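What follows is a short report on a single structure.
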Amino acid sequence: MNAVPAWRHAAFVILIACAAIARGETALSMTQVAPGNYAHRGHDDVATRENGGDIANVGFIVGTRCVAVIDTGGTLAEGRALRAAIRAVTPLPVCYVINTHMHPDHIFGNAAFKDEHPRFVGSKALAQAEAARADNYMRALNRELGDVAAGSEIVAPTMTIDGSGNIDLGGRTLTLRTWKTAHTNNDLTVYDEKSGTLWTGDLLFAGCIPVVDGSVVGWLDDIARIRQMNPRHVVPGHGPLDPPWPQSLDAEERYLANLARDVRAAIKKGETIRQAVDNIGLDEKDKWLLYDIYHRRNVTAAYAELEWEQ
Ligand SMILES: [Zn+2]
């Protein structure tokens with residue numbers, strides 16, 4: 001482990017918890033993971049009425065001119081609480097709302113920022129991915145959260161990234177990058193050059209089991225490239241903020257590599273998808289949160305992907 005700089009001790013627990021501030025809104029609790037980079041730690045859970053859909057890590061980066069939001073949470077209410085947390089830190093306008101990918105826990109707070117007229121930013125594949133799933137996502141949101149999710153809606157990107165692109169917040173440049181299909185087909189990362197902070201979205205799960213909704217093969221390729229970025233700070237999509245690097249990436253890579261290896265072996269032996277699901281990765285159970293919910297689904301997804309490989 002590197003020595004922890006003194007400022008981090010001071011900055012680490014900037015908890016703006018439950019402070020009733022401007023407009024009477026409750027603010028999300030935030031941690032300053034690096035100068036100007038504020039992140040909120042979501043619950044390690046699926047979306048429920050109790051946690052209000054607050055299950056992903058979300059946050060914002062402050063420049064001298066304006067603010068970029070990175071993911072907005074699972075509901076309009078969470079987006080508003082994130083906006084209140086921004087207002088507790090700075091009066092600067094929100095000029096960009098960036099979505100790291102299409103999943104509901106990362107996008108449904110977007111509407112909270114509409115009246116500031118930011119640019120909504122995502123991968124070039126994001127809009128179509130959201131449109132294709134919009135009905136299912138809205139139905140699931142209403143079923144799981146009911147009135148807790150009132151007013152939540154999908155706000156499509158107005159600025160898209162294909163490959164890489166920079167945005168300037170004033171004295172701070174963010175590099176946005178899209179990736180091979182991995183967690184999803186529209187994954188995007190944000191890198192703050194000034195502080196060396198990488199916001200991975202769900203390309204990195206720390207502690208919580210990685211979820212394959214794209215390609216296990218693509219994800220392993222992306223991990224090799226993400227490793228080379230060698231960031232000083234990391235905000236994963238789920239799990240502890242600024243987890244050990246590269247150990248957190250190593251753990252995810254090991255899980256996905258073993259998944260691919262074991263599914264390929266099962267296919268080669270002529271096992272059915274059902275047999276693969278029953279047999280593969282049982283020893284991972286105690287290593288990951290939410291294993292029972294997502295592991296079997298991952299085996300199914302990997303099987304469907306890899307059976308056409310030969
Ligand atoms: Zn996700």
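Identifiers for the structure tokens are assigned positionally: chains receive A, B, ... in sequence, residues are indexed from 1 per chain, and ligands are indexed from 1 in the order shown.
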Any chance you could tabulate, as CSV, the residues of chain A at most 10 Å from ligand 1 with each one's nearest atom pair and distance in Å to one decimal, using only C-alpha atoms and all ligand atoms, in chain and rising number order?
residue,atom,partner,partner_atom_place_in_ligand_line,distance
A:Ala56,CA,ligand 1,1 (Zn),8.1
A:Thr100,CA,ligand 1,1 (Zn),8.4
A:His101,CA,ligand 1,1 (Zn),6.7
A:Met102,CA,ligand 1,1 (Zn),7.2
A:His103,CA,ligand 1,1 (Zn),4.9
A:Pro104,CA,ligand 1,1 (Zn),7.7
A:Asp105,CA,ligand 1,1 (Zn),7.2
A:His106,CA,ligand 1,1 (Zn),7.2
A:Ile107,CA,ligand 1,1 (Zn),9.9
A:His183,CA,ligand 1,1 (Zn),6.8
A:Thr184,CA,ligand 1,1 (Zn),7.5
A:Asp187,CA,ligand 1,1 (Zn),8.8
A:Gly201,CA,ligand 1,1 (Zn),7.4
A:Asp202,CA,ligand 1,1 (Zn),5.1
A:Leu203,CA,ligand 1,1 (Zn),8.3
A:Leu204,CA,ligand 1,1 (Zn),9.7
A:Phe205,CA,ligand 1,1 (Zn),9.3
A:Pro210,CA,ligand 1,1 (Zn),8.9
A:Val211,CA,ligand 1,1 (Zn),7.3
A:Val212,CA,ligand 1,1 (Zn),8.8
A:Asp213,CA,ligand 1,1 (Zn),8.1
A:Gly237,CA,ligand 1,1 (Zn),7.3
A:His238,CA,ligand 1,1 (Zn),8.6
Selection near Met138 (chain A), 8 Å with only C-alpha atoms, sequence-local residues under 4 positions removed, as number ranges by chain:
A: 134, 142, 153
re CA of Ser248 (chain A) and CA of Arg172 (chain A): distance 26.7 Å
Extract the full set of strand (DSSP E) residues from region 41-282 of chain A according to DSSP on the backbone, and format it as a VMD selection string.
chain A and resid 58 to 62 67 to 70 94 to 98 119 to 123 159 to 161 164 to 168 173 to 178 188 to 192 197 to 205 233 to 238
Quick one: write out the picked residues with C-alpha atoms as a tab-separated table (two decimals), in the first residue's frame?
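Written out: out_18.tsv:
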chain	number	residue	atom	x	y	z
A	58	VAL	CA	-22.21	7.88	-8.11
A	59	GLY	CA	-20.47	11.23	-7.85
A	60	PHE	CA	-19.17	14.42	-9.35
A	61	ILE	CA	-16.00	16.28	-10.29
A	62	VAL	CA	-15.57	20.02	-9.79
A	67	VAL	CA	-19.24	20.42	-12.55
A	68	ALA	CA	-19.47	17.00	-14.21
A	69	VAL	CA	-21.78	14.41	-12.68
A	70	ILE	CA	-20.83	10.77	-13.10
A	94	VAL	CA	-23.55	21.27	-13.74
A	95	CYS	CA	-22.38	21.31	-17.37
A	96	TYR	CA	-22.11	17.55	-17.99
A	97	VAL	CA	-24.08	14.55	-16.75
A	98	ILE	CA	-22.13	11.45	-17.74
A	119	ARG	CA	-24.99	17.96	-21.85
A	120	PHE	CA	-25.94	14.35	-21.17
A	121	VAL	CA	-22.94	12.25	-22.16
A	122	GLY	CA	-22.58	8.55	-22.91
A	123	SER	CA	-21.12	5.96	-25.23
A	159	MET	CA	-23.34	14.10	-26.58
A	160	THR	CA	-21.78	10.77	-27.45
A	161	ILE	CA	-18.28	9.35	-27.19
A	164	SER	CA	-12.17	8.70	-26.56
A	165	GLY	CA	-12.88	12.36	-25.99
A	166	ASN	CA	-12.03	15.17	-23.57
A	167	ILE	CA	-14.24	17.56	-21.66
A	168	ASP	CA	-13.01	20.67	-19.91
A	173	THR	CA	-9.72	17.96	-18.18
A	174	LEU	CA	-11.59	14.69	-18.09
A	175	THR	CA	-10.80	11.94	-20.57
A	176	LEU	CA	-13.82	9.83	-21.48
A	177	ARG	CA	-13.26	6.47	-23.11
A	178	THR	CA	-15.48	3.74	-24.51
A	188	LEU	CA	-17.56	4.29	-20.58
A	189	THR	CA	-14.85	5.36	-18.14
A	190	VAL	CA	-13.93	8.83	-16.90
A	191	TYR	CA	-10.35	9.75	-16.04
A	192	ASP	CA	-9.47	12.96	-14.21
A	197	THR	CA	-8.65	9.37	-10.58
A	198	LEU	CA	-10.35	6.72	-12.71
A	199	TRP	CA	-14.12	6.32	-12.53
A	200	THR	CA	-14.64	2.85	-13.95
A	201	GLY	CA	-18.41	2.51	-13.87
A	202	ASP	CA	-19.22	-1.19	-13.74
A	203	LEU	CA	-16.04	-2.23	-15.52
A	204	LEU	CA	-14.79	-2.66	-11.96
A	205	PHE	CA	-16.80	-4.35	-9.22
A	233	HIS	CA	-7.41	6.65	-7.26
A	234	VAL	CA	-10.31	4.51	-8.42
A	235	VAL	CA	-14.07	4.80	-8.06
A	236	PRO	CA	-15.62	1.42	-8.94
A	237	GLY	CA	-19.26	1.12	-9.97
A	238	HIS	CA	-20.00	-0.99	-6.91
From the list A:Asn37, A:Pro93, A:Asn99, A:Ala88, which residue is nearest Glu116 (chain A) when using only C-alpha atoms?
A:Pro93
